[in-house]
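Colleague: What follows is the file structure14.cif, containing mmCIF, C-alpha atoms:
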data_target
#
loop_
_atom_site.label_atom_id
_atom_site.label_comp_id
_atom_site.auth_asym_id
_atom_site.auth_seq_id
_atom_site.Cartn_x
_atom_site.Cartn_y
_atom_site.Cartn_z
CA MET A 35 -2.23 -21.81 -26.01
CA LYS A 36 -3.10 -24.60 -28.48
CA ASN A 37 -0.55 -23.25 -30.98
CA PHE A 38 2.14 -23.16 -28.32
CA THR A 39 1.45 -26.77 -27.30
CA MET A 40 1.53 -27.87 -30.93
CA MET A 41 4.78 -25.98 -31.53
CA LYS A 42 6.28 -27.63 -28.43
CA TRP A 43 5.33 -31.10 -29.73
CA ILE A 44 6.82 -30.31 -33.13
CA VAL A 45 10.09 -29.17 -31.56
CA LEU A 46 10.21 -32.27 -29.34
CA THR A 47 9.50 -34.53 -32.32
CA LEU A 48 12.25 -32.90 -34.38
CA LEU A 49 14.59 -33.15 -31.40
CA SER A 50 13.81 -36.87 -31.02
CA LEU A 51 14.31 -37.55 -34.71
CA SER A 52 17.59 -35.66 -34.67
CA TRP A 53 18.78 -37.67 -31.64
CA MET A 54 18.02 -40.90 -33.48
CA GLN A 55 19.76 -39.79 -36.65
CA LEU A 56 22.77 -38.44 -34.74
CA SER A 57 23.34 -41.64 -32.84
CA ALA A 58 22.27 -44.04 -35.59
CA GLN A 59 25.10 -43.05 -37.90
CA PRO A 60 28.08 -42.20 -35.70
CA GLY A 61 30.81 -42.64 -38.30
CA ASP A 62 28.94 -41.92 -41.51
CA PHE A 63 29.50 -38.19 -41.75
CA PRO A 64 32.37 -35.81 -41.08
CA ASP A 65 32.82 -33.98 -37.78
CA GLU A 66 31.55 -30.75 -39.34
CA LYS A 67 28.15 -32.26 -40.08
CA ARG A 68 28.03 -33.85 -36.64
CA ARG A 69 28.80 -30.46 -35.09
CA GLU A 70 26.01 -28.86 -37.14
CA LYS A 71 23.56 -31.52 -35.96
CA ILE A 72 24.56 -31.04 -32.35
CA ASP A 73 24.19 -27.27 -32.72
CA ALA A 74 20.72 -27.75 -34.19
CA LEU A 75 19.80 -30.01 -31.28
CA LYS A 76 21.13 -27.44 -28.84
CA ARG A 77 19.06 -24.70 -30.47
CA ALA A 78 15.92 -26.82 -30.28
CA TYR A 79 16.68 -27.73 -26.68
CA ILE A 80 17.22 -24.10 -25.63
CA SER A 81 14.17 -22.90 -27.56
CA ASP A 82 12.02 -25.55 -25.95
CA LYS A 83 13.31 -25.11 -22.40
CA LEU A 84 13.04 -21.32 -22.54
CA GLU A 85 9.71 -21.46 -24.39
CA LEU A 86 10.92 -18.69 -26.70
CA THR A 87 8.34 -16.64 -28.53
CA VAL A 88 8.97 -15.78 -32.16
CA ALA A 89 9.85 -12.19 -31.18
CA GLU A 90 12.26 -13.36 -28.49
CA ALA A 91 13.88 -15.88 -30.82
CA GLU A 92 14.46 -13.25 -33.52
CA LYS A 93 16.38 -11.10 -31.05
CA PHE A 94 17.99 -13.88 -29.00
CA TRP A 95 19.63 -16.08 -31.66
CA PRO A 96 21.87 -13.40 -33.22
CA VAL A 97 23.16 -12.53 -29.72
CA TYR A 98 23.62 -16.22 -28.95
CA ASN A 99 25.42 -16.90 -32.25
CA GLU A 100 27.94 -14.14 -31.60
CA PHE A 101 28.47 -15.40 -28.05
CA ASP A 102 28.84 -19.01 -29.18
CA GLN A 103 31.39 -18.09 -31.85
CA LYS A 104 33.54 -16.15 -29.38
CA LYS A 105 33.24 -18.89 -26.76
CA THR A 106 34.32 -21.51 -29.32
CA GLU A 107 37.40 -19.43 -30.20
CA ILE A 108 38.34 -19.13 -26.53
CA LYS A 109 37.90 -22.87 -25.95
CA LYS A 110 40.03 -23.68 -28.99
CA ALA A 111 42.81 -21.44 -27.66
CA ILE A 112 42.58 -23.09 -24.24
CA ASN A 113 42.68 -26.60 -25.72
CA LYS A 114 45.64 -25.69 -27.93
CA SER A 115 47.50 -24.37 -24.91
CA TYR A 116 46.76 -27.52 -22.89
CA LYS A 117 48.04 -29.70 -25.72
CA SER A 118 51.20 -27.64 -25.93
CA VAL A 119 51.87 -28.02 -22.20
CA LYS A 120 51.14 -31.76 -22.27
CA GLU A 121 53.86 -32.29 -24.86
CA GLY A 122 56.37 -31.89 -22.08
CA GLY A 123 59.94 -30.65 -22.27
CA LYS A 124 58.88 -27.14 -21.32
CA THR A 125 60.99 -24.81 -19.26
CA GLU A 126 59.69 -23.30 -16.07
CA LYS A 127 59.30 -19.97 -17.87
CA GLU A 128 57.24 -21.57 -20.68
CA VAL A 129 55.00 -23.36 -18.19
CA THR A 130 54.49 -20.11 -16.26
CA GLN A 131 53.58 -18.34 -19.50
CA SER A 132 51.11 -21.11 -20.31
CA ILE A 133 49.53 -20.81 -16.85
CA ASP A 134 49.21 -17.06 -17.31
CA PHE A 135 47.69 -17.54 -20.76
CA LEU A 136 45.19 -20.13 -19.51
CA THR A 137 44.22 -17.93 -16.58
CA ALA A 138 43.66 -14.96 -18.89
CA LYS A 139 41.56 -17.08 -21.26
CA ARG A 140 39.46 -18.44 -18.39
CA LYS A 141 38.85 -14.87 -17.20
CA GLU A 142 37.93 -13.86 -20.74
CA GLU A 143 35.50 -16.79 -20.89
CA ALA A 144 33.87 -15.83 -17.58
CA GLU A 145 33.54 -12.20 -18.68
CA LEU A 146 32.02 -13.33 -21.99
CA ASP A 147 29.47 -15.49 -20.12
CA ALA A 148 28.51 -12.56 -17.88
CA LYS A 149 28.20 -10.17 -20.82
CA PHE A 150 26.06 -12.63 -22.74
CA LEU A 151 23.62 -13.10 -19.87
CA LYS A 152 23.42 -9.34 -19.33
CA ASP A 153 22.81 -8.81 -23.06
CA CYS A 154 19.97 -11.35 -22.89
CA LEU A 155 18.21 -9.65 -19.96
CA PRO A 156 16.31 -7.07 -22.03
CA ILE A 157 15.44 -9.72 -24.63
CA LEU A 158 14.31 -12.57 -22.38
CA GLY A 159 13.65 -11.06 -18.98
CA PRO A 160 15.12 -12.19 -15.66
CA ASP A 161 13.28 -15.52 -15.30
CA LYS A 162 14.39 -16.86 -18.67
CA VAL A 163 17.95 -15.57 -18.24
CA VAL A 164 18.23 -17.46 -14.96
CA ARG A 165 17.07 -20.64 -16.74
CA LEU A 166 19.39 -19.95 -19.68
CA ALA A 167 22.44 -19.79 -17.41
CA GLY A 168 22.45 -23.54 -16.85
CA LEU A 169 20.90 -24.83 -20.07
CA GLN A 170 24.12 -25.43 -21.99
CA LYS A 171 25.53 -27.68 -19.29
CA GLU A 172 22.16 -29.46 -19.01
CA PHE A 173 22.20 -30.03 -22.76
CA GLN A 174 25.75 -31.39 -22.67
CA LYS A 175 24.87 -33.80 -19.85
CA GLU A 176 21.81 -35.06 -21.71
CA LEU A 177 23.76 -35.43 -24.94
CA VAL A 178 26.51 -37.43 -23.24
CA GLN A 179 23.90 -39.59 -21.51
CA LYS A 180 22.09 -40.29 -24.80
CA ILE A 181 25.37 -41.22 -26.49
CA LYS A 182 26.25 -43.60 -23.63
CA GLU A 183 22.80 -45.19 -23.82
CA ARG A 184 23.10 -45.69 -27.58
CA ARG A 185 26.50 -47.28 -27.21
CA GLN A 186 25.24 -49.64 -24.52
CA GLN A 187 22.22 -50.56 -26.66
CA ARG A 188 24.59 -51.56 -29.45
CA GLY A 189 26.37 -53.81 -26.97
CA GLY A 190 29.75 -52.23 -27.29
CA GLY A 191 30.18 -50.74 -23.84
CA PRO A 192 32.13 -47.49 -23.52
CA GLY A 193 33.72 -47.73 -26.94
CA GLY A 194 30.49 -48.54 -28.71
CA ARG A 195 31.91 -51.48 -30.67
CA ARG A 196 32.61 -55.15 -30.05
CA TYR A 197 35.91 -56.54 -31.21
#
Write the structure described by the file as structure tokens, please.
Modeller:
Amino acid sequence: MKNFTMMKWIVLTLLSLSWMQLSAQPGDFPDEKRREKIDALKRAYISDKLELTVAEAEKFWPVYNEFDQKKTEIKKAINKSYKSVKEGGKTEKEVTQSIDFLTAKRKEEAELDAKFLKDCLPILGPDKVVRLAGLQKEFQKELVQKIKERRQQRGGGPGGRRY
């Protein structure tokens, strides 16, 4: 139990340090590095909240990585389609096709979510899978809140800068 508590403190310390570094240098590194930092924070957050054992983590993260990659591809396709529709000047047929495409992608995303959770059941067990289901949204909310707080601390309001 002592080792678990120590590991939890280490993860929380790394998470805190990463938060500070992420928000302390908002424009100093490319989006790719920022994305990597956010992904690392998400991993630490999920590991901490689920209290993953080493054995669970070894089996869980490859499944999660595959899921996350597919989900990212779906979201990119959805965003691209939204941008295309927003451009305007589309015919009724083109808009209908876009609606059908978006609906299909949303279904694909929901099916991917369900498959992922089912794939995690034998690895994590029912209690942890139930917790896992909402952790990504929790993480996003906390991340957005931390970013807002950092911007307000710098005195720049919503944009983060004073002009």
Colleague: Restricting the calculation to all atoms listed in the file, which member of A:Lys93, A:Arg69, A:Lys162, A:Lys139 is positioned closest to Ile112 of chain A?
Modeller: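 Among A:Lys93, A:Arg69, A:Lys162, A:Lys139, it is A:Lys139 that comes nearest to Ile112 of chain A.
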Colleague: Would you mind listing what lies within 8 Å of Lys76 of chain A as JSON, numbers by chain, with all atoms listed in the file counted and same-chain residues fewer than 4 positions away left out?
Modeller: {"A": [72, 80, 170, 173]}
Colleague: I'd like to see the residues matched by the PyMOL selection byres ((chain A and resi 116) around 12) on this file, and ideally I'd get them as a VMD selection string.
Modeller: chain A and resid 109 to 115 117 to 122 129 131 to 133 135 to 137 139
Colleague: On this structure, which residues satisfy the PyMOL selection byres ((chain A and resi 151) around 12), written as a list of chain:residue names?
Modeller: A:Phe94, A:Val97, A:Tyr98, A:Phe101, A:Ala144, A:Glu145, A:Leu146, A:Asp147, A:Ala148, A:Lys149, A:Phe150, A:Lys152, A:Asp153, A:Cys154, A:Leu155, A:Pro156, A:Ile157, A:Leu158, A:Gly159, A:Pro160, A:Asp161, A:Lys162, A:Val163, A:Val164, A:Arg165, A:Leu166, A:Ala167, A:Gly168
Colleague: Enter the distance from atom CA of Val88 of chain A to atom CA of Ala74 of chain A, in Å, rounded to one decimal.
Modeller: 16.9 Å
Colleague: Can you tell me how far atom CA of Glu107 of chain A sits from atom CA of Arg140 of chain A, in Å to one decimal?
Modeller: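 According to the coordinates, atom CA of Glu107 of chain A and atom CA of Arg140 of chain A are separated by 12.0 Å.
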Colleague: Atom CA of Asp65 of chain A to atom CA of Arg188 of chain A: how many Å, to one decimal?
Modeller: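 Separation between atom CA of Asp65 of chain A and atom CA of Arg188 of chain A: 21.1 Å.
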Colleague: Using the file's own x, y and z axes, what box holds all listed atoms of segment 76-91 of chain A with 8 Å on each side, keeping edges along x, y and z, and what are its centre and edge lengths in Å to one decimal, as AutoDock Vina command-line options?
Modeller:
--center_x 14.7 --center_y -20.0 --center_z -27.3 --size_x 28.8 --size_y 31.5 --size_z 25.8
Colleague: Which residue, A:Lys127, A:Ala91, A:Glu143, A:Leu84, has the smallest gap to Gln103 of chain A when you use all atoms listed in the file?
Modeller: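 For Gln103 of chain A, the nearest of the candidates is A:Glu143.
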